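Trainee: Have a peek at model-v1.cif (mmCIF, C-alpha atoms).
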```cif
data_run
loop_
_atom_site.label_atom_id
_atom_site.label_comp_id
_atom_site.auth_asym_id
_atom_site.auth_seq_id
_atom_site.Cartn_x
_atom_site.Cartn_y
_atom_site.Cartn_z
CA MET A 1 0.00 0.00 0.00
CA LYS A 2 1.31 3.46 -0.93
CA ARG A 3 2.39 5.43 2.13
CA ASN A 4 0.81 8.91 2.09
CA LEU A 5 1.24 9.88 5.72
CA LEU A 6 4.10 12.23 6.50
CA MET A 7 6.75 10.84 8.86
CA TRP A 8 7.38 12.97 11.98
CA ASP A 9 10.78 14.14 10.70
CA GLU A 10 9.65 14.95 7.14
CA THR A 11 8.59 18.32 5.81
CA LEU A 12 6.62 19.72 2.86
CA PHE A 13 8.80 22.86 2.74
CA ARG A 14 11.71 22.99 0.35
CA ASP A 15 12.58 26.50 1.67
CA PRO A 16 10.33 27.94 4.44
CA GLU A 17 12.12 31.33 4.22
CA VAL A 18 10.26 32.01 0.94
CA PHE A 19 7.00 32.46 2.90
CA GLU A 20 8.31 35.04 5.37
CA ILE A 21 6.70 38.47 4.89
CA ASP A 22 10.07 40.29 4.72
CA TYR A 23 11.57 37.84 2.19
CA VAL A 24 12.96 39.60 -0.89
CA PRO A 25 12.59 37.25 -3.89
CA GLU A 26 15.39 36.89 -6.43
CA GLN A 27 12.83 37.10 -9.24
CA PHE A 28 10.50 40.06 -8.66
CA ASN A 29 7.92 40.60 -11.40
CA HIS A 30 5.28 43.24 -12.29
CA ARG A 31 7.10 46.21 -10.75
CA ASP A 32 9.73 46.94 -13.45
CA ALA A 33 8.36 50.43 -14.23
CA GLN A 34 8.32 51.45 -10.55
CA ILE A 35 11.84 50.11 -9.93
CA ARG A 36 13.17 51.94 -13.02
CA GLU A 37 11.57 55.19 -11.84
CA LEU A 38 12.94 54.77 -8.31
CA ALA A 39 16.43 54.01 -9.66
CA PHE A 40 16.23 57.18 -11.79
CA GLN A 41 15.29 59.26 -8.71
CA VAL A 42 18.21 58.02 -6.58
CA ARG A 43 20.82 57.99 -9.39
CA PRO A 44 22.20 61.50 -8.62
CA GLY A 45 23.45 60.04 -5.32
CA LEU A 46 25.86 57.81 -7.25
CA ARG A 47 27.54 61.00 -8.57
CA GLY A 48 27.84 62.57 -5.13
CA VAL A 49 24.75 64.78 -5.55
CA ARG A 50 21.68 64.69 -3.31
CA PRO A 51 19.17 62.06 -4.57
CA GLN A 52 15.68 63.22 -5.58
CA ASN A 53 13.13 62.79 -2.78
CA THR A 54 10.48 60.19 -3.58
CA ILE A 55 7.19 58.88 -2.21
CA CYS A 56 6.29 55.25 -3.01
CA ARG A 57 2.53 55.12 -2.51
CA GLY A 58 0.07 52.23 -2.70
CA LEU A 59 -2.10 49.90 -0.65
CA PRO A 60 -0.46 47.30 1.66
CA GLY A 61 0.97 44.31 -0.21
CA THR A 62 1.64 46.05 -3.54
CA GLY A 63 5.43 45.58 -3.67
CA LYS A 64 6.61 48.99 -2.37
CA THR A 65 8.99 47.70 0.32
CA THR A 66 10.39 44.91 -1.87
CA SER A 67 11.04 47.37 -4.73
CA VAL A 68 12.93 49.75 -2.42
CA LYS A 69 14.93 46.87 -0.88
CA LYS A 70 15.83 45.63 -4.40
CA VAL A 71 17.15 49.05 -5.40
CA PHE A 72 19.00 49.45 -2.08
CA ALA A 73 20.65 46.01 -2.47
CA GLU A 74 21.86 47.01 -5.94
CA ILE A 75 23.29 50.28 -4.57
CA GLU A 76 25.18 48.39 -1.85
CA GLU A 77 26.65 46.02 -4.45
CA THR A 78 27.65 48.89 -6.78
CA THR A 79 29.15 51.65 -4.64
CA LYS A 80 30.29 52.77 -1.18
CA LYS A 81 29.66 56.43 -2.04
CA LEU A 82 25.89 56.23 -1.59
CA ILE A 83 24.71 54.76 1.73
CA PRO A 84 21.11 53.43 1.67
CA VAL A 85 19.47 53.06 5.09
CA TYR A 86 16.09 51.32 5.46
CA ILE A 87 13.95 52.27 8.50
CA ASN A 88 10.73 50.52 9.56
CA CYS A 89 8.66 53.39 11.05
CA GLN A 90 6.22 50.98 12.69
CA ILE A 91 9.14 50.07 14.97
CA ASP A 92 11.28 53.24 14.95
CA ASN A 93 8.86 56.16 14.95
CA THR A 94 10.64 58.93 16.85
CA LYS A 95 13.34 61.26 15.59
CA PHE A 96 15.92 59.87 18.02
CA ALA A 97 15.10 56.22 17.20
CA ILE A 98 15.39 56.88 13.45
CA PHE A 99 18.71 58.71 13.74
CA SER A 100 20.02 55.99 16.07
CA GLN A 101 19.37 53.46 13.27
CA ILE A 102 21.10 55.73 10.73
CA TYR A 103 24.06 56.07 13.14
CA ARG A 104 24.22 52.26 13.48
CA HIS A 105 24.23 51.83 9.71
CA VAL A 106 26.89 54.49 9.15
CA THR A 107 29.22 53.60 12.05
CA GLY A 108 28.46 49.90 12.58
CA ARG A 109 27.19 50.29 16.16
CA LEU A 110 24.28 51.86 18.03
CA PRO A 111 24.88 55.11 19.94
CA PRO A 112 25.33 54.77 23.75
CA ALA A 113 21.99 53.91 25.37
CA SER A 114 22.05 56.77 27.87
CA GLY A 115 23.47 60.26 28.11
CA THR A 116 23.58 60.82 24.34
CA SER A 117 21.74 63.80 22.87
CA PHE A 118 20.19 63.94 19.41
CA LYS A 119 22.76 66.60 18.43
CA GLN A 120 25.66 64.28 19.36
CA VAL A 121 24.18 61.47 17.25
CA PHE A 122 23.58 63.78 14.27
CA ASP A 123 27.06 65.37 14.62
CA ALA A 124 28.67 61.92 14.43
CA ILE A 125 26.63 60.95 11.32
CA ALA A 126 27.39 64.25 9.54
CA ARG A 127 31.13 64.14 10.35
CA ARG A 128 31.36 60.58 9.00
CA LEU A 129 29.52 61.47 5.77
CA LEU A 130 31.75 64.52 5.19
CA ARG A 131 34.97 62.66 5.99
CA GLU A 132 34.16 59.75 3.67
CA GLU A 133 32.51 62.03 1.05
CA GLN A 134 29.41 59.85 1.16
CA VAL A 135 25.78 60.60 0.30
CA LEU A 136 22.97 59.28 2.54
CA LEU A 137 19.68 57.86 1.23
CA VAL A 138 17.05 57.11 3.90
CA ALA A 139 13.94 54.99 3.25
CA LEU A 140 11.15 55.64 5.76
CA ASP A 141 8.87 52.61 5.39
CA ASP A 142 5.30 53.17 6.61
CA ALA A 143 6.13 56.87 6.95
CA ASN A 144 2.44 57.42 7.74
CA TYR A 145 3.25 56.15 11.27
CA LEU A 146 5.44 59.24 11.76
CA LEU A 147 2.36 61.28 10.93
CA TYR A 148 0.25 59.43 13.52
CA GLU A 149 2.98 60.15 16.11
CA ASN A 150 3.36 63.84 15.04
CA GLU A 151 7.04 63.21 14.25
CA ILE A 152 7.04 63.62 10.46
CA ASN A 153 8.02 67.31 10.36
CA GLN A 154 10.86 66.92 12.87
CA VAL A 155 12.32 63.90 11.07
CA LEU A 156 12.10 65.35 7.54
CA TYR A 157 13.33 68.77 8.69
CA ALA A 158 16.43 67.25 10.32
CA LEU A 159 17.19 65.11 7.25
CA LEU A 160 16.44 67.56 4.45
CA ARG A 161 17.81 70.75 6.00
CA SER A 162 20.95 69.06 7.36
CA HIS A 163 23.11 70.92 4.81
CA GLU A 164 22.32 74.20 6.60
CA ALA A 165 23.98 73.03 9.83
CA TYR A 166 26.55 70.84 8.05
CA PRO A 167 27.52 72.37 4.67
CA GLY A 168 28.40 69.64 2.18
CA VAL A 169 26.13 66.95 3.70
CA ARG A 170 23.84 65.37 1.08
CA ILE A 171 20.74 63.42 2.19
CA GLY A 172 17.78 62.14 0.13
CA VAL A 173 14.55 60.54 1.38
CA VAL A 174 12.32 57.75 0.05
CA ALA A 175 9.01 57.72 1.96
CA ILE A 176 6.86 54.57 1.66
CA VAL A 177 3.17 55.21 2.38
CA SER A 178 0.46 52.52 2.63
CA ASP A 179 -2.36 54.73 3.93
CA MET A 180 -4.09 56.01 0.79
CA SER A 181 -5.94 58.69 2.78
CA VAL A 182 -2.60 60.33 3.63
CA SER A 183 -0.93 62.91 1.38
CA LEU A 184 2.50 63.59 2.90
CA GLN A 185 3.08 66.63 0.68
CA SER A 186 0.05 68.40 2.13
CA GLU A 187 0.60 67.17 5.71
CA VAL A 188 4.12 68.57 6.20
CA ASP A 189 4.62 72.18 7.26
CA ALA A 190 5.96 74.96 5.02
CA ARG A 191 9.61 74.79 6.14
CA VAL A 192 9.70 71.07 5.23
CA ALA A 193 7.58 71.35 2.06
CA SER A 194 10.03 73.88 0.58
CA VAL A 195 12.86 71.29 0.57
CA PHE A 196 10.89 68.02 0.30
CA ARG A 197 9.19 68.40 -3.14
CA PRO A 198 8.99 64.63 -3.80
CA THR A 199 8.23 62.70 -6.96
CA GLU A 200 5.40 60.22 -6.33
CA ILE A 201 5.60 56.64 -7.64
CA TYR A 202 2.26 54.82 -7.53
CA PHE A 203 2.05 51.07 -6.90
CA PRO A 204 -1.35 49.80 -8.13
CA PRO A 205 -2.96 46.67 -6.62
CA TYR A 206 -1.88 43.42 -8.28
CA SER A 207 -4.38 41.86 -10.69
CA GLU A 208 -5.68 38.32 -10.09
CA GLU A 209 -3.39 37.04 -12.84
CA GLU A 210 -0.35 38.75 -11.28
CA ILE A 211 -1.16 37.40 -7.80
CA HIS A 212 -1.50 33.90 -9.28
CA GLU A 213 1.90 34.18 -10.96
CA ILE A 214 3.63 35.57 -7.82
CA LEU A 215 2.16 32.91 -5.50
CA GLU A 216 2.92 30.15 -8.01
CA GLU A 217 6.55 31.29 -8.07
CA ARG A 218 6.69 31.13 -4.25
CA VAL A 219 5.19 27.63 -4.31
CA LEU A 220 7.80 26.43 -6.84
CA GLN A 221 10.61 27.89 -4.72
CA GLY A 222 9.32 27.06 -1.26
CA LEU A 223 7.41 23.75 -1.47
CA TYR A 224 8.27 20.31 -2.80
CA PRO A 225 6.56 19.17 -6.04
CA ASN A 226 2.88 18.12 -5.79
CA VAL A 227 2.41 19.56 -2.29
CA LEU A 228 -0.03 22.18 -3.63
CA ARG A 229 -2.21 21.18 -6.58
CA SER A 230 -3.27 23.81 -9.13
CA ASP A 231 -6.90 23.82 -7.92
CA MET A 232 -5.68 24.48 -4.35
CA LEU A 233 -3.49 27.34 -5.61
CA ASP A 234 -6.59 28.78 -7.31
CA LEU A 235 -8.37 28.69 -3.95
CA VAL A 236 -5.46 30.53 -2.25
CA VAL A 237 -5.55 33.17 -5.03
CA GLU A 238 -9.31 33.55 -4.57
CA GLN A 239 -8.91 34.12 -0.81
CA THR A 240 -6.04 36.55 -1.42
CA MET A 241 -8.17 38.62 -3.83
CA LYS A 242 -10.89 38.74 -1.17
CA SER A 243 -8.48 40.35 1.30
CA GLY A 244 -6.88 42.61 -1.33
CA ASP A 245 -3.40 42.05 0.15
CA LEU A 246 -0.71 39.84 -1.42
CA ARG A 247 0.88 39.34 2.01
CA VAL A 248 -2.26 37.49 3.12
CA GLY A 249 -1.74 35.02 0.25
CA ILE A 250 1.90 34.41 1.18
CA ASP A 251 1.00 33.91 4.85
CA LEU A 252 -1.89 31.66 3.79
CA LEU A 253 0.45 29.37 1.80
CA LYS A 254 2.71 28.99 4.84
CA ARG A 255 -0.11 28.33 7.35
CA ALA A 256 -2.00 25.94 5.05
CA THR A 257 1.17 23.90 4.50
CA LEU A 258 1.84 23.81 8.25
CA ASN A 259 -1.74 22.58 8.77
CA ALA A 260 -1.15 19.78 6.24
CA GLU A 261 2.11 18.83 8.02
CA LYS A 262 0.33 18.78 11.36
CA ALA A 263 -2.23 16.37 9.91
CA ALA A 264 0.69 14.26 8.54
CA ARG A 265 -0.50 14.74 4.93
CA ARG A 266 1.76 14.92 1.87
CA SER A 267 -0.34 17.57 0.14
CA VAL A 268 -2.33 20.66 1.10
CA GLU A 269 -6.11 20.17 1.04
CA ARG A 270 -9.08 22.54 1.02
CA GLU A 271 -9.64 22.29 4.80
CA ASP A 272 -5.99 23.29 5.42
CA ILE A 273 -6.48 26.47 3.36
CA CYS A 274 -9.87 27.38 4.84
CA GLU A 275 -8.58 26.90 8.39
CA ALA A 276 -5.45 28.96 7.63
CA TYR A 277 -7.48 31.79 6.09
CA GLU A 278 -9.25 32.33 9.43
CA VAL A 279 -5.84 33.43 10.79
CA SER A 280 -4.20 34.95 7.70
CA ARG A 281 -7.12 37.29 6.98
CA TYR A 282 -6.27 39.14 10.22
CA LEU A 283 -2.68 39.85 9.14
CA HIS A 284 -3.26 43.63 9.03
CA LEU A 285 -4.72 43.55 12.55
CA ALA A 286 -1.77 41.54 13.92
CA TYR A 287 0.82 43.87 12.32
CA SER A 288 -1.02 46.99 13.46
CA LEU A 289 -1.29 45.87 17.09
CA ARG A 290 2.42 45.09 17.11
CA ALA A 291 3.11 48.74 16.26
CA LEU A 292 1.09 50.13 19.20
CA LYS A 293 2.54 51.27 22.52
CA ALA A 294 1.48 49.41 25.70
CA GLU A 295 -0.91 52.19 26.78
CA GLU A 296 -2.51 52.32 23.31
CA ARG A 297 -3.08 48.56 23.42
CA LYS A 298 -4.81 48.95 26.80
CA VAL A 299 -7.13 51.65 25.42
CA LEU A 300 -7.95 49.60 22.32
CA GLY A 301 -8.63 46.59 24.56
CA ARG A 302 -11.17 48.61 26.60
CA ILE A 303 -12.85 49.78 23.37
CA ALA A 304 -13.06 46.15 22.18
CA GLU A 305 -14.57 45.09 25.54
CA MET A 306 -17.22 47.79 25.28
CA SER A 307 -17.87 46.92 21.63
CA ALA A 308 -18.35 43.23 22.59
CA ARG A 309 -21.10 44.26 25.02
CA ASP A 310 -22.76 46.74 22.67
CA ASP A 311 -22.33 45.85 19.01
CA GLN A 312 -23.66 49.21 17.78
CA GLU A 313 -21.74 52.37 17.04
CA MET A 314 -20.49 53.81 20.32
CA ASN A 315 -20.54 57.42 21.49
CA ALA A 316 -16.91 58.60 21.84
CA GLY A 317 -17.71 60.36 25.16
CA ASP A 318 -19.24 57.18 26.65
CA VAL A 319 -16.23 55.18 25.48
CA TYR A 320 -13.87 57.71 27.11
CA ARG A 321 -15.67 57.42 30.47
CA PHE A 322 -15.36 53.62 30.28
CA VAL A 323 -11.68 53.78 29.27
CA LYS A 324 -10.79 56.43 31.89
CA GLU A 325 -11.95 54.18 34.73
CA GLN A 326 -9.57 51.45 33.56
CA VAL A 327 -6.59 53.35 32.10
CA GLY A 328 -6.77 56.87 33.55
CA ILE A 329 -5.76 59.14 30.65
CA SER A 330 -6.78 62.69 29.71
CA TYR A 331 -9.44 63.26 27.06
CA THR A 332 -6.89 64.99 24.78
CA LYS A 333 -4.58 61.98 24.87
CA TYR A 334 -7.52 59.59 24.42
CA TYR A 335 -8.77 61.50 21.37
CA GLU A 336 -5.26 61.53 19.82
CA MET A 337 -5.23 57.73 20.19
CA ILE A 338 -8.71 57.40 18.65
CA ARG A 339 -7.62 59.45 15.63
CA LYS A 340 -4.51 57.29 15.30
CA PHE A 341 -6.60 54.05 15.44
CA ASP A 342 -8.87 55.54 12.77
CA ALA A 343 -5.89 56.39 10.54
CA MET A 344 -4.51 52.86 11.05
CA ARG A 345 -7.87 51.38 9.95
CA LEU A 346 -8.44 49.68 13.31
CA LEU A 347 -11.69 51.54 13.89
CA ASN A 348 -14.01 54.05 12.21
CA LEU A 349 -14.39 57.50 13.73
CA HIS A 350 -17.21 59.57 12.27
CA TYR A 351 -19.84 62.12 13.20
CA ARG A 352 -23.60 62.05 13.51
CA GLN A 353 -25.44 65.30 12.97
CA GLY A 354 -28.13 66.11 15.49
CA ARG A 355 -28.13 68.56 18.32
CA GLY A 356 -24.45 69.31 17.87
CA ARG A 357 -22.07 66.80 16.33
CA THR A 358 -21.74 63.45 18.08
CA ARG A 359 -18.51 61.51 17.55
CA LEU A 360 -19.17 57.83 16.94
CA ILE A 361 -16.73 54.91 17.13
CA SER A 362 -17.06 51.44 15.62
CA LEU A 363 -14.42 48.70 15.47
CA ARG A 364 -13.44 47.48 12.00
CA TYR A 365 -12.76 43.99 13.38
CA ASP A 366 -14.69 41.51 15.48
CA PRO A 367 -14.04 42.63 19.12
CA GLY A 368 -13.34 39.03 20.18
CA ARG A 369 -10.55 38.81 17.58
CA VAL A 370 -9.07 42.14 18.70
CA LEU A 371 -8.99 40.98 22.33
CA GLU A 372 -7.49 37.62 21.32
CA TYR A 373 -4.68 39.28 19.35
CA LEU A 374 -4.05 41.81 22.15
CA ARG A 375 -3.64 38.90 24.59
CA GLN A 376 -1.17 37.28 22.18
CA GLU A 377 0.82 40.53 21.99
CA GLN A 378 0.79 40.82 25.77
CA THR A 379 2.12 37.26 26.09
CA ALA A 380 4.83 37.94 23.48
CA VAL A 381 5.97 41.10 25.31
CA ALA A 382 5.95 39.33 28.69
#
```
Could you write out this file's structure as structure tokens?
Mentor:
Amino acid sequence: MKRNLLMWDETLFRDPEVFEIDYVPEQFNHRDAQIRELAFQVRPGLRGVRPQNTICRGLPGTGKTTSVKKVFAEIEETTKKLIPVYINCQIDNTKFAIFSQIYRHVTGRLPPASGTSFKQVFDAIARRLLREEQVLLVALDDANYLLYENEINQVLYALLRSHEAYPGVRIGVVAIVSDMSVSLQSEVDARVASVFRPTEIYFPPYSEEEIHEILEERVLQGLYPNVLRSDMLDLVVEQTMKSGDLRVGIDLLKRATLNAEKAARRSVEREDICEAYEVSRYLHLAYSLRALKAEERKVLGRIAEMSARDDQEMNAGDVYRFVKEQVGISYTKYYEMIRKFDAMRLLNLHYRQGRGRTRLISLRYDPGRVLEYLRQEQTAVA
């Protein structure tokens, strides 16, 4: 009898790395025009001139980060005169944190943890660039998070007006924006706008055919032959289109294959994919919660608790009174958080006209799921 059950020490993965969200594929299709345009914008840096500032704009999972990382990898292979530094603004979203990462990239080590001022960090970066006659190119991925934290003007001002304090320093910026309701050009103040003047490169959503081709390529690279039949790949593509985010499809492939392994099967079946989708579809929620501060997670947790009890739209004032009992924050700080959650697409904040304008809040996700993921984050931090 043919043995179809997977032995405990066998795997369906040829290369599990292929299904990690931050994996940069060798073969990267359907973004040639955007990569060419980005390369054109940064090319002056190769000649010792300041690169053109650029905004890469598009929905999540449209290839913005991978395109920038591809161009940066090519720069690193080609020259030492242009230093590309990639910053994830979900993680590093203050001026000091961002310049600490630039310092690490330029000098090979992080600045001292205590007793170091921003000016000392910036002085060291500028002196190094001038001494080595190097140009700096900084990619701010998810730059919209700097906007939510009210840090965008300080960060861009320090980078783009650096030549005023340090004549001869050349710095260019690539801002990656996934929030389509945000226009960085109109959000920055006048002193930044006068030196920013970016070129915008748009990354449209992938078509169904393109998603099929990209996921098929990942399957060929990452799984052994016959692990995922063509009809099962079609189902993964269908679920990916439903979410509108390629990253969901990549995560879905990984989770479905793990489900098949757990069941000791040699191929991925429909139930593996359907079960995996119940987790993968919340990828945006999981990533967003990871980017929140501890106090923000507490506030969101209280909102989810209240939403679980009352599934209607909630009055923002009532929510504040409930949150204040548990967390003890001022209304100003609470409202800043609510606006941030709205911008991050975690909840909807809108107004109802009546006697005056009533602010209403409704969660975009099932409150039970939000609480579950918050608990997971809490466990991970602990």
Trainee: Would you kindly translate the PyMOL selection byres ((chain A and resi 236) around 8) into the concrete residues it picks from this file, as a CSV table (one decimal) with C-alpha atoms, in the frame of the given file?
Mentor:
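What ended up in result-v6.csv:
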```csv
chain,number,residue,atom,x,y,z
A,232,MET,CA,-5.7,24.5,-4.4
A,233,LEU,CA,-3.5,27.3,-5.6
A,234,ASP,CA,-6.6,28.8,-7.3
A,235,LEU,CA,-8.4,28.7,-4.0
A,237,VAL,CA,-5.6,33.2,-5.0
A,238,GLU,CA,-9.3,33.6,-4.6
A,239,GLN,CA,-8.9,34.1,-0.8
A,240,THR,CA,-6.0,36.6,-1.4
A,249,GLY,CA,-1.7,35.0,0.2
A,252,LEU,CA,-1.9,31.7,3.8
A,253,LEU,CA,0.4,29.4,1.8
A,273,ILE,CA,-6.5,26.5,3.4
```
Trainee: Grab the CA of Leu285 in chain A to CA of Gln154 in chain A distance for me, in Å with one decimal place.
Mentor: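 Interatomic distance here is 28.1 Å.
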Trainee: Running the PyMOL selection byres ((chain A and resi 42) around 9) on this model by hand, what would come out? Give it as a PDB file with C-alpha atoms, in the coordinates of the input.
Mentor:
```pdb
ATOM      1  CA  GLU A  37      11.570  55.190 -11.840  1.00  0.00           C
ATOM      2  CA  LEU A  38      12.940  54.770  -8.310  1.00  0.00           C
ATOM      3  CA  ALA A  39      16.430  54.010  -9.660  1.00  0.00           C
ATOM      4  CA  PHE A  40      16.230  57.180 -11.790  1.00  0.00           C
ATOM      5  CA  GLN A  41      15.290  59.260  -8.710  1.00  0.00           C
ATOM      6  CA  ARG A  43      20.820  57.990  -9.390  1.00  0.00           C
ATOM      7  CA  PRO A  44      22.200  61.500  -8.620  1.00  0.00           C
ATOM      8  CA  GLY A  45      23.450  60.040  -5.320  1.00  0.00           C
ATOM      9  CA  LEU A  46      25.860  57.810  -7.250  1.00  0.00           C
ATOM     10  CA  ARG A  50      21.680  64.690  -3.310  1.00  0.00           C
ATOM     11  CA  PRO A  51      19.170  62.060  -4.570  1.00  0.00           C
ATOM     12  CA  GLN A  52      15.680  63.220  -5.580  1.00  0.00           C
ATOM     13  CA  ASN A  53      13.130  62.790  -2.780  1.00  0.00           C
ATOM     14  CA  THR A  54      10.480  60.190  -3.580  1.00  0.00           C
ATOM     15  CA  LEU A 137      19.680  57.860   1.230  1.00  0.00           C
ATOM     16  CA  GLY A 172      17.780  62.140   0.130  1.00  0.00           C
ATOM     17  CA  VAL A 174      12.320  57.750   0.050  1.00  0.00           C
TER      18      VAL A 174
END
```
Trainee: Show which residues sit within 8 Å of range 104-107 of chain A, as a ChimeraX atom specification. Count all atoms listed in the file, and ignore same-chain residues fewer than 4 positions away.
Mentor: /A:83,85,100,111,125,128
Trainee: Pick the closest to Ser67 in chain A from A:Ile176, A:Ala286, A:Ala190, A:Leu12: which is it, counting only C-alpha atoms?
Mentor: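 Nearest to Ser67 in chain A: A:Ile176.
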Trainee: What is the CA of Thr65 in chain A-CA of Ala97 in chain A distance in Å, reported with one decimal?
Mentor: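 That distance, rounded to one decimal, is 19.9 Å.
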Trainee: Identify which of the residues A:Lys64, A:Arg359, A:His212, A:Arg247 lies closest to Asp318 in chain A, counting all atoms listed in the file when measuring atom-to-atom distances.
Mentor: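 Smallest distance to Asp318 in chain A is found for A:Arg359.
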Trainee: Can you measure CA of Arg270 in chain A to CA of Ser207 in chain A for me? One decimal in Å is fine.
Mentor: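 A separation of 23.1 Å between them.
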Trainee: So, with only C-alpha atoms as the atoms that count, which of A:Lys340, A:Gln101, A:Glu313, A:Phe203 lies closest to Asn144 in chain A?
Mentor: A:Lys340
Trainee: Would you be able to write out as a list of chain:residue names which residues have an atom within 8 Å of (-4.5, 43.9, -0.2) in the file's coordinates, counting all atoms listed in the file?
Mentor: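 All residues meeting the 8 Å criterion around (-4.5, 43.9, -0.2) are A:Leu59, A:Pro60, A:Gly61, A:Thr62, A:Pro205, A:Thr240, A:Met241, A:Ser243, A:Gly244, A:Asp245, A:Leu246, A:Arg247, A:Val248.
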Trainee: Evaluating the PyMOL selection byres ((chain A and resi 159) around 10) on the displayed file yields which residues, as a PyMOL selection string?
Mentor: chain A and resi 95+99+122+136-138+153-158+160-163+169-173+192+196
Trainee: With only C-alpha atoms as the basis for distance, which of A:Arg229, A:Arg345, A:Pro112, A:Phe96 is at the shortest distance from Arg266 in chain A?
Mentor: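 Among A:Arg229, A:Arg345, A:Pro112, A:Phe96, it is A:Arg229 that comes nearest to Arg266 in chain A.
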Trainee: Leaving out Asp272 in chain A and any residue of its chain fewer than 4 positions from it, which residues lie within 9 Å of it when counting only C-alpha atoms, given as a VMD selection string?
Mentor: chain A and resid 255 to 260 268 276 to 277
Trainee: Rank nothing, just name the residue among A:Ile250, A:Lys242, A:Leu110, A:Cys274 nearest to Arg218 in chain A, using all atoms listed in the file.
Mentor: A:Ile250
